[in-house]
Amino acid sequence: MAWLLVVVAGLLETGFAVCLKLSHGFTRLWPTVAFCAFALGSFGLLTLALKKLDVGPAYAVWTGIGAAGTAIYGMVFLGDLVSTLKIVSITLVIVGVIGLQLSGSAH
């Protein structure tokens, strides 16, 4: 259950990173509100998960999901540059996240 919280928190991290861009420096109301909601949800779920998980693997999985998800979202929906190196790098991040998740141990 704790790992599920980390995965959802990582997806919410993608949401807050995208909303941060869309807020244009917190000058647009709804993306700013969404940023706050995603950030609070993400940090809240990570906090709950850390009661059961080691901090290193959990934090790495959380940031890895957020980083990969944000990069993918940017390429698909925001017109970010797509390159072979970027896709290979995102794949390596995802493989690393899976490895860390498998290595994590509950207390």
# chains A, B, ... in the order shown; residues from 1 in each chain; ligands from 1

$ residues_around --residues "Ala60 of chain A" --least-positions-apart "2" --cutoff "10 Å" --atoms "only C-alpha atoms" --output "VMD selection string"
chain A and resid 6 10 55 to 58 62 to 66 93 96 to 97 100 to 101

$ write_last_selection --atoms "N, CA, C and O atoms" --output "PDB file, in the first residue's frame"
ATOM      1  N   VAL A   6       3.283   6.180  -3.018  1.00  0.00           N
ATOM      2  CA  VAL A   6       4.425   6.834  -3.667  1.00  0.00           C
ATOM      3  C   VAL A   6       4.158   7.015  -5.158  1.00  0.00           C
ATOM      4  O   VAL A   6       4.447   8.082  -5.725  1.00  0.00           O
ATOM      5  N   GLY A  10       3.883  10.504  -7.047  1.00  0.00           N
ATOM      6  CA  GLY A  10       4.722  10.830  -8.198  1.00  0.00           C
ATOM      7  C   GLY A  10       3.908  11.348  -9.374  1.00  0.00           C
ATOM      8  O   GLY A  10       4.331  12.280 -10.070  1.00  0.00           O
ATOM      9  N   VAL A  55      13.489   6.160   3.225  1.00  0.00           N
ATOM     10  CA  VAL A  55      13.393   7.454   2.561  1.00  0.00           C
ATOM     11  C   VAL A  55      14.103   7.474   1.206  1.00  0.00           C
ATOM     12  O   VAL A  55      13.603   8.077   0.254  1.00  0.00           O
ATOM     13  N   GLY A  56      15.266   6.851   1.089  1.00  0.00           N
ATOM     14  CA  GLY A  56      16.027   6.916  -0.157  1.00  0.00           C
ATOM     15  C   GLY A  56      15.290   6.355  -1.357  1.00  0.00           C
ATOM     16  O   GLY A  56      15.060   7.072  -2.340  1.00  0.00           O
ATOM     17  N   PRO A  57      14.916   5.083  -1.317  1.00  0.00           N
ATOM     18  CA  PRO A  57      14.183   4.523  -2.467  1.00  0.00           C
ATOM     19  C   PRO A  57      12.830   5.208  -2.712  1.00  0.00           C
ATOM     20  O   PRO A  57      12.471   5.452  -3.859  1.00  0.00           O
ATOM     21  N   ALA A  58      12.117   5.539  -1.648  1.00  0.00           N
ATOM     22  CA  ALA A  58      10.805   6.172  -1.825  1.00  0.00           C
ATOM     23  C   ALA A  58      10.944   7.538  -2.489  1.00  0.00           C
ATOM     24  O   ALA A  58      10.206   7.864  -3.428  1.00  0.00           O
ATOM     25  N   TRP A  62       9.610   8.611  -6.211  1.00  0.00           N
ATOM     26  CA  TRP A  62       8.709   9.772  -6.305  1.00  0.00           C
ATOM     27  C   TRP A  62       9.227  10.787  -7.319  1.00  0.00           C
ATOM     28  O   TRP A  62       8.497  11.209  -8.215  1.00  0.00           O
ATOM     29  N   THR A  63      10.490  11.163  -7.191  1.00  0.00           N
ATOM     30  CA  THR A  63      11.049  12.149  -8.118  1.00  0.00           C
ATOM     31  C   THR A  63      11.211  11.573  -9.519  1.00  0.00           C
ATOM     32  O   THR A  63      11.041  12.293 -10.500  1.00  0.00           O
ATOM     33  N   GLY A  64      11.541  10.290  -9.626  1.00  0.00           N
ATOM     34  CA  GLY A  64      11.686   9.666 -10.942  1.00  0.00           C
ATOM     35  C   GLY A  64      10.379   9.647 -11.707  1.00  0.00           C
ATOM     36  O   GLY A  64      10.340   9.969 -12.902  1.00  0.00           O
ATOM     37  N   ILE A  65       9.302   9.277 -11.030  1.00  0.00           N
ATOM     38  CA  ILE A  65       7.989   9.279 -11.669  1.00  0.00           C
ATOM     39  C   ILE A  65       7.620  10.696 -12.077  1.00  0.00           C
ATOM     40  O   ILE A  65       7.140  10.933 -13.197  1.00  0.00           O
ATOM     41  N   GLY A  66       7.851  11.645 -11.191  1.00  0.00           N
ATOM     42  CA  GLY A  66       7.540  13.038 -11.504  1.00  0.00           C
ATOM     43  C   GLY A  66       8.348  13.567 -12.674  1.00  0.00           C
ATOM     44  O   GLY A  66       7.814  14.226 -13.571  1.00  0.00           O
ATOM     45  N   VAL A  93      15.355   6.313 -16.706  1.00  0.00           N
ATOM     46  CA  VAL A  93      14.786   6.780 -15.433  1.00  0.00           C
ATOM     47  C   VAL A  93      13.696   5.816 -14.981  1.00  0.00           C
ATOM     48  O   VAL A  93      13.645   5.420 -13.805  1.00  0.00           O
ATOM     49  N   GLY A  96      15.152   2.647 -13.724  1.00  0.00           N
ATOM     50  CA  GLY A  96      15.728   2.896 -12.408  1.00  0.00           C
ATOM     51  C   GLY A  96      14.663   2.984 -11.326  1.00  0.00           C
ATOM     52  O   GLY A  96      14.840   2.459 -10.219  1.00  0.00           O
ATOM     53  N   VAL A  97      13.547   3.627 -11.637  1.00  0.00           N
ATOM     54  CA  VAL A  97      12.438   3.731 -10.686  1.00  0.00           C
ATOM     55  C   VAL A  97      11.902   2.344 -10.346  1.00  0.00           C
ATOM     56  O   VAL A  97      11.654   2.027  -9.173  1.00  0.00           O
ATOM     57  N   LEU A 100      14.401   0.611  -8.087  1.00  0.00           N
ATOM     58  CA  LEU A 100      14.355   1.136  -6.723  1.00  0.00           C
ATOM     59  C   LEU A 100      13.093   0.687  -6.002  1.00  0.00           C
ATOM     60  O   LEU A 100      13.138   0.380  -4.805  1.00  0.00           O
ATOM     61  N   GLN A 101      11.989   0.667  -6.710  1.00  0.00           N
ATOM     62  CA  GLN A 101      10.747   0.221  -6.078  1.00  0.00           C
ATOM     63  C   GLN A 101      10.866  -1.246  -5.651  1.00  0.00           C
ATOM     64  O   GLN A 101      10.420  -1.613  -4.564  1.00  0.00           O
TER      65      GLN A 101
END

$ residues_around --residues "Leu45 of chain A" --least-positions-apart "2" --cutoff "10 Å" --atoms "only C-alpha atoms" --output "list in words"
Ala2, Leu4, Leu5, Val6, Val7, Val8, Ala9, Gly10, Leu12, Ala39, Leu40, Gly41, Ser42, Phe43, Thr47, Leu48, Ala49 and Leu50 of chain A

$ closest_residue --among "A:Val88, A:Met75, A:Leu81, A:Leu53" --to "Ser103 of chain A" --atoms "only C-alpha atoms"
A:Leu53

$ atom_distance --atom1 "atom CA of Ser89 of chain A" --atom2 "atom CA of Asp54 of chain A"
25.4 Å

$ residues_around --residues "segment 20-23 of chain A" --least-positions-apart "3" --cutoff "12 Å" --atoms "only C-alpha atoms" --output "VMD selection string"
chain A and resid 13 to 17 26 to 39 70 73 to 74 77 to 78

$ select_by_dssp --residues "chain A" --states "helix (DSSP H, G or I)" --output "number ranges by chain"
A: 2-22, 29-49, 55-77, 84-103
